[in-house]
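Comments concern the structure below.
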Amino acid sequence: MVRRMRSVMPGLVGETQSTFVKGQKIHDGALIACETVHWLKTRKKKVAIIKLDFQKTYDLVKWSFVDIVLQKMGFGWRWRELVKECVSSASMSILINDSPSKPFKMERGLRQGDQPSLFLFVLVVDVLHKMVREAVRNKHILSLLIGNDNIELSHLHFADDTILF
């Protein structure tokens, strides 16, 4: 599954995502962010920069939302069923006095560190990318115009972080 997802990710997620996409590296986004902050400081520009940390979001992602995202991105029924089986088959038990409790089924959440979950999370975060891009297009928010070429920058995505400019 991971091999197949890796091959289609560049065509699915936005250009602001710099993690888990072939040909893009997390360092690219960090470099752009640092250079942007430096450029803003040297020109004494006043802007808002907001960093969103999605550390706990893995635990809160609803599986029904993942399925909707996959469907909207063009994944077929069979593929979505395989993904659903992977994420919904998770069970957990709790250690009580060094003895595990009876296993119970999980109802939501993606498993951090699990390769398919990483790709699924990137697809879920891409929904935010599309929402921000739409807000910029409708002029509800303004993007920064950076450098002599006036390169537009409104946001960057990392593994579980987003920076809004």
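Residue numbering restarts at 1 in every chain; chains get A, B, ... in the order shown in the structure tokens, and ligands count up from 1 in that same order.
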
Checklist entry - Do you know which residues are at most 12 Å from region 153-157 of chain A counting only C-alpha atoms, after dropping those on the same chain fewer than 6 positions away, and could you put them as JSON, numbers by chain? => result {"A": [13, 14, 15, 16, 17, 18, 19, 20, 21, 24, 25, 26, 27, 28, 29, 30, 31, 32, 33, 34, 35, 36, 37, 47, 48, 49, 50, 51, 52, 53, 54, 121, 122, 123, 124, 125, 126, 127, 128, 129, 130, 131, 132, 133, 134, 135, 136, 137, 139, 140, 141, 142, 143, 144, 145, 146, 147, 163, 164, 165]}

Next on the checklist: For the structure I just gave you, how does DSSP split chain A - specifically, which residues are strand (DSSP E or B)? Reply as a PyMOL selection string.
Outcome noted: chain A and resi 17+50-53+91-92+95-96+99-100+104-105+144-146+151-153+155-157+161-164

Next on the checklist: I'd like the interatomic distance between CA of Glu85 (chain A) and CA of Trp63 (chain A), to a tenth of an Å.
Outcome noted: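 Between CA of Glu85 (chain A) and CA of Trp63 (chain A) the gap is 10.3 Å.
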
Next on the checklist: Taking only C-alpha atoms into account, name the residue in A:Asn138, A:Ser88, A:Ser99, A:Ser7 that is nearest to Asp67 (chain A).
Outcome noted: A:Ser88

Item to check | Best match for closeness to Val8 (chain A) among A:Val61, A:Phe119, A:Gln71, A:Asn97, counting only C-alpha atoms | outcome: A:Phe119

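The gap separating CA of Lys105 (chain A) from CA of Phe75 (chain A) is 25.7 Å, in Å to one decimal.
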
Next on the checklist: When you count only C-alpha atoms, which of these residues is closest to Trp79 (chain A): A:Pro100, A:Thr162, A:Arg4, A:Trp39?
Outcome noted: A:Arg4

Item to check | Atom-to-atom span, CA of Leu82 (chain A) and CA of Leu70 (chain A), Å | outcome: 11.5 Å

Next on the checklist: Could you check the closest approach to Met1 (chain A) for each of A:Asp160, A:Ser93, A:Leu60, A:Arg80 and tell me which residue wins, using only C-alpha atoms?
Outcome noted: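 Among the listed residues, A:Arg80 lies closest to Met1 (chain A).
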
Next on the checklist: When DSSP is applied to the backbone of this structure, which of region 6-159 of chain A are assigned helix (DSSP H, G or I)? Write them out as a ChimeraX atom specification.
Outcome noted: /A:6-12,26-42,57-60,63-72,77-88,115-137
